[in-house]
Each structure stands twice: as structure tokens, then as C-alpha cells.
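For reference, the structure discussed in these notes is given below.
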Amino acid sequence: MEPVRINRLCSTEELRAAVENHNEEYTLIITGSCPLDLSPEGMMRLMQVARATDASMVYSDYNESAPDGTVTAHPTVTYQSGAIRDDFDFGPVTLWRTYDLKNALWLLPKYNYSALYGVRLVCSAFNGIRRVPERLYTVYTGATDPGAAQFDYVNPANRAVQIEMELTATAYLRYIRAFLANEPEAVDVFRGEFPCEMSVIIPVRNRERTIADALRSALSQNTTFPYNVIVVDNHSTDGTTEIIARFAQEDSRIIHIIPNSRTLGIGGCWNLAVNHPGCGRFACQLDSDDMYSSPDTLQRVSSLFYAEKCAMVIGSYELTDMECRPIPPGLIAHMEWTTANGRNNALRINGLGAPRAFYTPILREIGVPDVSYGEDYALGLRISRQWRIGRIFESLYLCRRWEGNSDAGLSLERANANNTYKDWLRTIEIEARMRLNRGNSL
């Protein structure tokens with residue numbers, strides 16, 4: 001079988017031309033420019049699984065051989081129905097049932113970049129996609145950082161690609177009847193009595209190098225309303241606790257909480273904070289190694305809650321070094337969120353922006369998943385299914401990059417685990433939206 005070599009970002013015409021003369025039962029597609037070695041035994045195994053499962057597409061784990069000859073395993077992630085992000089890593093070798101591939105391809109409109117993404121989505125709805133958790137080939141390449149490209153999808157240089165990817169994903173959501181066309185609910189944010197207007201929520205563990213900067217940033221906000229800062233100190237052992245206690249002695253706006261439990265993730269710390277009797281009408285996120293970009297962040301967030309009657313407000317942030325100097329790609333504005341389609345396009349991407357703020361009664365109602373990765377994304381998906389989300393596209397927040405970041409130097413295994421969890425979040429959210437649409441059609 002002669003393989004088809006194509007770029008991952010290819011046009012409909014390019015993909016059609018590449019496969020139009022393939023009349024065998026299966027088509028092998030190779031993406032990327034790195035040389036690779038797929039043995040006859042590896043090819044046979046792909047074919048065995050494809051025939052056994054009747055899958056539209058099959059992929060596998062593989063080996064990576066570095067220039068120095070070091071060979072390491074490159075496990076992939078098992079495909080789920082919610083794995084509709086356009087950066088899913090199948091590896092460079094995929095085997096397709098030719099009949100399904102061509103049928104999916106002819107369903108697509110004229111795309112300039114997302115033809116392979118589009119046929120993958122359609123084929124996943126045909127006979128599904130199967131992973132072989134065996135290393136069936138070797139790719140000869142240099143070592144890569146699995147976290148290095150985490151901001152590619154919000155890089156302004158990739159804007160045209162992202163617009164087309166959104167069109168492709170939206171068409172697929174319509175196809176499977178998971179697209180939300182109804183207007184999200186407005187929230188009566190005026191109701192209820194609260195001890196203050198807003199609480200800044202800071203979960204923290206072992207951040208003695210950065211927590212003081214975060215606290216100073218939170219306490220220096222200029223507002224027309226009272227606010228406080230709830231710090232959930234998750235049993236720090238490095239001096240963080242003493243720094244927080246010193247700030248709390250000097251400023252009564254700080255509420256210092258040390259959980260009874262020693263097993264809480266970031267989400268569990270958030271649940272403690274928002275259910276504390278001192279929590280305000282709105283709860284605004286501040287990570288313990290970050291800072292607000294200006295003293296009017298909280299004021300702008302509060303104003304938008306009232307103006308748009310939303311359950312959640314998401315701002316934009318700048319990537320900086322520890323001295324708050326901008327680093328590429330700079331402002332992360334998540335322009336892919338639009339009033340018309342943001343709640344649907346949220347299923348395609350891996351994040352929604354920062355800072356994130358919530359109307360406290362709704363956050364108390366739905367709760368925060370007790371995990372330390374993806375809890376914010378889970379809330380964004382759940383809230384957008386039902387309620388309005390407001391967006392601020394100017395910088396409100398400084399995301400400081402340093403070696404202590406929780407997403408710095410991620411191993412491939414950790415990156416895969418993170419992606420698997422977010423794929424699962426999308427899976428249950430797509431199922432919920434499909435059920436909602438079935439109910440709306442009765």
C-alpha cells in the first residue's frame with residue numbers, strides 16, 4: 001500500500017487529489033516531514049485492528065528516535081467522543097477505511113486548512129476511531145516539549161486557521177445535534193445579600209516566592225465597592241503560610257483558610273472559599289504566582305456582571321516573565337469566543353482565558369470539580385450550556401511564566417493525562433447538550 005503524504009493543515013482540494021486514485025480497502029496517511037519506519041508487522045497490526053473493529057480510522061503509539069540514537073516511547077491518547085479539539089495527537093501515521101474517508105471528504109465544503117480535521121470528525125461519527133496502545137513504528141526526530149505549543153491556538157499569527165477550524169467544529173456539532181442555538185439564560189445578579197461585592201480567590205501551596213506579589217496585586221485594586229481576598233492555604237511547607245499570616249495581620253480584608261483535609265485539589269480549595277460565609281457576590285480568580293495587570297480589574301469585572309447579567313466573566317491575560325516583561329505570544333485574548341458561537345466553539349479549544357470570575361450562588365449550586373487541572377474549563381463548559389458568559393478582550397491579568405508553574409516542563413505522560421481529562425469533560429458536555437437538544441425538540 002503506497003502511503004498518502006499530506007500536511008496536517010491541508011485544503012479540501014489537496015486531500016481529494018491525494019486520495020482520489022486510492023481504490024484499496026484502506027488508505028495509509030502520513031503527516032509531518034520527519035522520516036519514519038513502519039514495519040510490515042506494524043502495518044499488519046493496524047489492518048488487524050481496523051478489520052476487527054470496523055473502525056473508520058486507526059492510529060497507534062509509536063517510538064521516537066532522537067539524533068543521538070536514544071529511543072523513547074511516545075504514547076498517544078485514547079480517542080473519546082469529546083476529543084474534538086483540532087490539536088489531537090494521533091501521531092504521524094493513521095490508517096483509514098477508504099470508503100469512509102472519501103465519503104467524509106465529499107461532505108466537506110471548500111476548506112483551506114482543516115480538511116483532515118473535518119474528515120476525522122465525520123469519520124468519528126461514521127464507524128469511530130480506534131487507538132492501538134502498541135508502538136507500531138518509529139519516528140526519527142529531535143526531542144520536543146509537549147507543553148511548548150500550548151498557546152499556538154491563540155497566537156494571532158494562526159487566526160485564519162482558527163476561524164476555519166471553528167467553522168469545521170461547528171458544522172460537526174450541528175451534524176451530531178450537540179450545537180446550542182438557543183439564547184443562554186440571563187442571571188439576576190442583584191438578588192441576595194452578601195458580606196461584600198467581590199472576593200478574590202487564591203488557592204496556594206508552596207509559593208513563598210510569588211504569593212506576596214499576588215496578595216499585593218489583589219489588595220491594590222481600586223473599586224467603588226468593598227471586597228476581600230480569600231486565600232486557601234493548602235498546607236504549605238515552605239514559608240508561604242507565614243507570609244499570608246503576616247499580610248492578614250496587616251489587612252483585615254484577607255481571610256486565611258487552612259483546610260482540614262489534606263487531599264484537596266485546586267477545585268476543592270475553590271469550594272471551600274466560595275462556600276465560606278465571607279465570600280462576596282462575585283468570586284474572581286487569582287493564581288498564586290500571577291498578578292492583575294491593572295488596579296481596575298475587579299471594577300471592570302463587576303461592571304460587566306451587571307451590564308450583561310452573566311453567570312461568569314472571563315478576561316484576557318498577558319504572558320510575562322517573573323519581572324512582568326511581556327514574552328511571546330503576548331496578549332492571550334481568546335478572540336475565538338464570540339457572542340454568537342463562543343459556547344459552541346468552547347468545545348474545540350482547551351481553555352477559555354483568565355481571570356475567571358463567577359456569580360457566587362451559581363458556583364455554589366454547581367460546585368467545582370476537586371481536581372488541580374481543568375476545573376476552570378469544566379466550569380466554563382457547564383455554565384455556557386445554560387447561562388451567559390461575559391468576555392473582556394483587553395488585558396486584565398499577568399500570567400507569569402517561571403520554572404515553578406504547574407504546567408512548566410510537562411512530561412508527555414502528564415500532558416496526555418491532562419488532555420484525556422479535558423476530552424472526558426467535552427464528552428460528557430456533548431452528551432448533555434445532545435440530551436438538551438432532544439428535549440427541546442419534543
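Letters for chains follow the order of the C-alpha cells (A, B, ...), residue numbers begin at 1 for each chain, and ligand numbers begin at 1 in the order shown.
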Query raised in the report: What residues in range 13-50 of chain A get the DSSP label alpha helix (DSSP H)? Please answer as a PyMOL selection string.
Result: chain A and resi 13-19+40-50
Same residues, all heavy atoms, output as a compact mmCIF listing (two decimals), in the first residue's frame:
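Below you can see out.txt, which holds the result:
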# COMPACT_ATOMS: atom_id res chain seq x y z
N GLU A 13 -9.16 20.45 -1.52
CA GLU A 13 -8.68 20.05 -2.84
C GLU A 13 -7.42 19.20 -2.74
O GLU A 13 -7.27 18.20 -3.46
CB GLU A 13 -8.40 21.28 -3.70
CG GLU A 13 -9.64 22.00 -4.19
CD GLU A 13 -10.22 22.94 -3.13
OE1 GLU A 13 -9.66 22.99 -2.01
OE2 GLU A 13 -11.23 23.60 -3.42
N GLU A 14 -6.50 19.57 -1.85
CA GLU A 14 -5.26 18.80 -1.70
C GLU A 14 -5.55 17.38 -1.22
O GLU A 14 -4.97 16.41 -1.73
CB GLU A 14 -4.34 19.50 -0.69
CG GLU A 14 -3.70 20.78 -1.21
CD GLU A 14 -2.97 21.54 -0.13
OE1 GLU A 14 -3.46 21.57 1.03
OE2 GLU A 14 -1.91 22.11 -0.43
N LEU A 15 -6.44 17.24 -0.25
CA LEU A 15 -6.74 15.91 0.27
C LEU A 15 -7.49 15.08 -0.76
O LEU A 15 -7.22 13.88 -0.92
CB LEU A 15 -7.53 16.03 1.58
CG LEU A 15 -7.76 14.73 2.34
CD1 LEU A 15 -6.44 13.99 2.60
CD2 LEU A 15 -8.48 14.99 3.66
N ARG A 16 -8.44 15.70 -1.46
CA ARG A 16 -9.15 14.96 -2.51
C ARG A 16 -8.20 14.46 -3.58
O ARG A 16 -8.27 13.31 -4.02
CB ARG A 16 -10.23 15.84 -3.13
CG ARG A 16 -11.47 16.00 -2.27
CD ARG A 16 -12.45 16.97 -2.89
NE ARG A 16 -13.64 17.13 -2.07
CZ ARG A 16 -14.50 18.13 -2.18
NH1 ARG A 16 -14.29 19.09 -3.08
NH2 ARG A 16 -15.56 18.19 -1.40
N ALA A 17 -7.29 15.33 -4.02
CA ALA A 17 -6.33 14.93 -5.05
C ALA A 17 -5.43 13.81 -4.57
O ALA A 17 -5.05 12.92 -5.35
CB ALA A 17 -5.50 16.14 -5.48
N ALA A 18 -5.10 13.83 -3.27
CA ALA A 18 -4.19 12.83 -2.74
C ALA A 18 -4.81 11.44 -2.65
O ALA A 18 -4.10 10.43 -2.77
CB ALA A 18 -3.68 13.26 -1.37
N VAL A 19 -6.12 11.37 -2.44
CA VAL A 19 -6.76 10.07 -2.21
C VAL A 19 -7.65 9.62 -3.35
O VAL A 19 -8.14 8.48 -3.32
CB VAL A 19 -7.58 10.08 -0.89
CG1 VAL A 19 -6.71 10.49 0.28
CG2 VAL A 19 -8.80 10.98 -1.00
N PRO A 40 6.43 -4.02 8.21
CA PRO A 40 5.28 -4.79 7.72
C PRO A 40 4.42 -5.33 8.86
O PRO A 40 3.20 -5.39 8.75
CB PRO A 40 5.93 -5.92 6.91
CG PRO A 40 7.24 -5.36 6.48
CD PRO A 40 7.70 -4.49 7.61
N GLU A 41 5.08 -5.70 9.97
CA GLU A 41 4.32 -6.21 11.12
C GLU A 41 3.45 -5.12 11.73
O GLU A 41 2.31 -5.37 12.16
CB GLU A 41 5.28 -6.77 12.17
CG GLU A 41 6.04 -8.00 11.75
CD GLU A 41 7.20 -7.71 10.81
OE1 GLU A 41 7.61 -6.53 10.72
OE2 GLU A 41 7.71 -8.66 10.19
N GLY A 42 3.99 -3.89 11.80
CA GLY A 42 3.21 -2.78 12.31
C GLY A 42 2.02 -2.47 11.42
O GLY A 42 0.91 -2.22 11.91
N MET A 43 2.25 -2.49 10.13
CA MET A 43 1.15 -2.25 9.18
C MET A 43 0.09 -3.34 9.31
O MET A 43 -1.11 -3.05 9.30
CB MET A 43 1.72 -2.22 7.76
CG MET A 43 0.68 -1.88 6.72
SD MET A 43 0.12 -0.17 6.90
CE MET A 43 -1.38 -0.23 5.93
N MET A 44 0.52 -4.58 9.44
CA MET A 44 -0.42 -5.68 9.58
C MET A 44 -1.27 -5.52 10.84
O MET A 44 -2.47 -5.78 10.84
CB MET A 44 0.32 -7.01 9.62
CG MET A 44 -0.60 -8.23 9.70
SD MET A 44 0.30 -9.78 9.61
CE MET A 44 1.19 -9.75 11.19
N ARG A 45 -0.63 -5.03 11.92
CA ARG A 45 -1.37 -4.86 13.18
C ARG A 45 -2.43 -3.78 13.03
O ARG A 45 -3.57 -3.93 13.53
CB ARG A 45 -0.40 -4.51 14.30
CG ARG A 45 -1.04 -4.44 15.68
CD ARG A 45 -1.62 -5.76 16.08
NE ARG A 45 -2.06 -5.76 17.48
CZ ARG A 45 -3.14 -6.39 17.91
NH1 ARG A 45 -3.91 -7.09 17.07
NH2 ARG A 45 -3.46 -6.35 19.19
N LEU A 46 -2.09 -2.67 12.38
CA LEU A 46 -3.09 -1.63 12.12
C LEU A 46 -4.27 -2.19 11.33
O LEU A 46 -5.44 -1.93 11.64
CB LEU A 46 -2.46 -0.47 11.36
CG LEU A 46 -1.51 0.46 12.13
CD1 LEU A 46 -0.84 1.43 11.16
CD2 LEU A 46 -2.25 1.23 13.21
N MET A 47 -3.98 -3.00 10.32
CA MET A 47 -5.03 -3.59 9.49
C MET A 47 -5.89 -4.55 10.30
O MET A 47 -7.11 -4.59 10.17
CB MET A 47 -4.40 -4.31 8.30
CG MET A 47 -3.63 -3.41 7.35
SD MET A 47 -4.70 -2.57 6.17
CE MET A 47 -5.12 -3.92 5.09
N GLN A 48 -5.24 -5.34 11.18
CA GLN A 48 -5.99 -6.29 12.00
C GLN A 48 -7.02 -5.58 12.87
O GLN A 48 -8.18 -5.99 12.95
CB GLN A 48 -5.03 -7.08 12.90
CG GLN A 48 -4.24 -8.15 12.20
CD GLN A 48 -3.28 -8.84 13.16
OE1 GLN A 48 -2.95 -8.31 14.24
NE2 GLN A 48 -2.81 -10.02 12.78
N VAL A 49 -6.58 -4.51 13.52
CA VAL A 49 -7.49 -3.78 14.42
C VAL A 49 -8.58 -3.08 13.61
O VAL A 49 -9.75 -3.06 14.02
CB VAL A 49 -6.69 -2.77 15.28
CG1 VAL A 49 -7.63 -1.90 16.09
CG2 VAL A 49 -5.72 -3.50 16.19
N ALA A 50 -8.23 -2.52 12.47
CA ALA A 50 -9.23 -1.86 11.63
C ALA A 50 -10.31 -2.84 11.20
O ALA A 50 -11.51 -2.54 11.26
CB ALA A 50 -8.56 -1.24 10.41
Report task. Fewer than 6 positions away in the same chain doesn't count, so skip those; otherwise give me all residues within 10 Å of Glu25 in chain A, counting only C-alpha atoms, as a ChimeraX atom specification. Result -> /A:1,47,96-100
Residues as selected, N, CA and C atoms, written as an mmCIF file, in the first residue's frame, can you do that?
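File written: out.cif
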data_model
loop_
_atom_site.group_PDB
_atom_site.id
_atom_site.type_symbol
_atom_site.label_atom_id
_atom_site.label_comp_id
_atom_site.auth_asym_id
_atom_site.auth_seq_id
_atom_site.Cartn_x
_atom_site.Cartn_y
_atom_site.Cartn_z
ATOM 1 N N MET A 1 0.845 -1.184 0.000
ATOM 2 C CA MET A 1 0.000 0.000 0.000
ATOM 3 C C MET A 1 0.891 1.248 0.000
ATOM 4 N N MET A 47 -3.980 -2.995 10.316
ATOM 5 C CA MET A 47 -5.031 -3.587 9.489
ATOM 6 C C MET A 47 -5.888 -4.553 10.303
ATOM 7 N N TRP A 96 -6.969 4.633 7.381
ATOM 8 C CA TRP A 96 -8.368 4.992 7.159
ATOM 9 C C TRP A 96 -9.061 3.970 6.272
ATOM 10 N N ARG A 97 -10.310 3.671 6.592
ATOM 11 C CA ARG A 97 -11.129 2.914 5.654
ATOM 12 C C ARG A 97 -11.415 3.827 4.463
ATOM 13 N N THR A 98 -10.983 3.445 3.297
ATOM 14 C CA THR A 98 -11.037 4.328 2.134
ATOM 15 C C THR A 98 -12.455 4.776 1.828
ATOM 16 N N TYR A 99 -13.416 3.885 1.934
ATOM 17 C CA TYR A 99 -14.816 4.229 1.642
ATOM 18 C C TYR A 99 -15.294 5.343 2.567
ATOM 19 N N ASP A 100 -15.009 5.198 3.869
ATOM 20 C CA ASP A 100 -15.434 6.221 4.820
ATOM 21 C C ASP A 100 -14.682 7.530 4.602
#
Report task. Name the residues of range 195-427 of chain A that fall into strand (DSSP E) according to DSSP on the backbone, using the chain letters and numbers of this document, as a ChimeraX atom specification. Result -> /A:198-204,227-233,254-257,282-285,291-292,312-320,326-332,356-359,389-400
Query - Contacts of range 341-356 of chain A at 6 Å (only C-alpha atoms; same-chain gap of 6+ positions) as number ranges by chain - result: A: 84-85, 284-285, 313-317, 377, 384
Report task. Extract, using only C-alpha atoms, all DNA, RNA and protein residues at most 6 Å from Met198 in chain A, discarding same-chain residues fewer than 3 positions from it, and format them as a list of chain:residue names. Result -> A:Tyr227, A:Gly280, A:Arg281, A:Phe282, A:Ala283
Requested in this report: Using only C-alpha atoms, determine which residues lie at most 8 Å from Thr223 in chain A, disregarding the query and same-chain residues fewer than 3 positions distant; provide the list as a PyMOL selection string.
Outcome: chain A and resi 226+296+298-299
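Take CA of Arg130 in chain A and CA of Thr70 in chain A: the distance between them is 28.4 Å.
Neighbouring residues of Arg246 in chain A at 12 Å or closer, counting only C-alpha atoms and skipping chain neighbours under 5 positions away, are Ile211, Ala212, Leu215, Gly239, Thr240, Thr241, Asp251, Ser252, Ile254, Ile255 and His256 of chain A.
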Counting only C-alpha atoms, what are the residues of range 175-207 of chain A within 12 Å of range 263-276 of chain A, and for each of them which pair of atoms is the nearest and at what distance in Å, to one decimal? Sort the table by chain and rising number, as CSV.
residue,atom,partner,partner_atom,distance
A:Phe194,CA,A:His276,CA,11.1
A:Pro195,CA,A:His276,CA,10.6
A:Met198,CA,A:Val274,CA,10.7
A:Ser199,CA,A:Val274,CA,8.5
A:Val200,CA,A:Ala273,CA,9.4
A:Ile201,CA,A:Ala273,CA,6.8
A:Ile202,CA,A:Trp270,CA,8.2
A:Pro203,CA,A:Cys269,CA,6.0
A:Val204,CA,A:Ile266,CA,8.2
A:Arg205,CA,A:Ile266,CA,9.5
Query - Counting only C-alpha atoms, the option among A:Ile244, A:Phe393, A:Phe358, A:Arg400 closest to Leu319 in chain A - result: A:Arg400
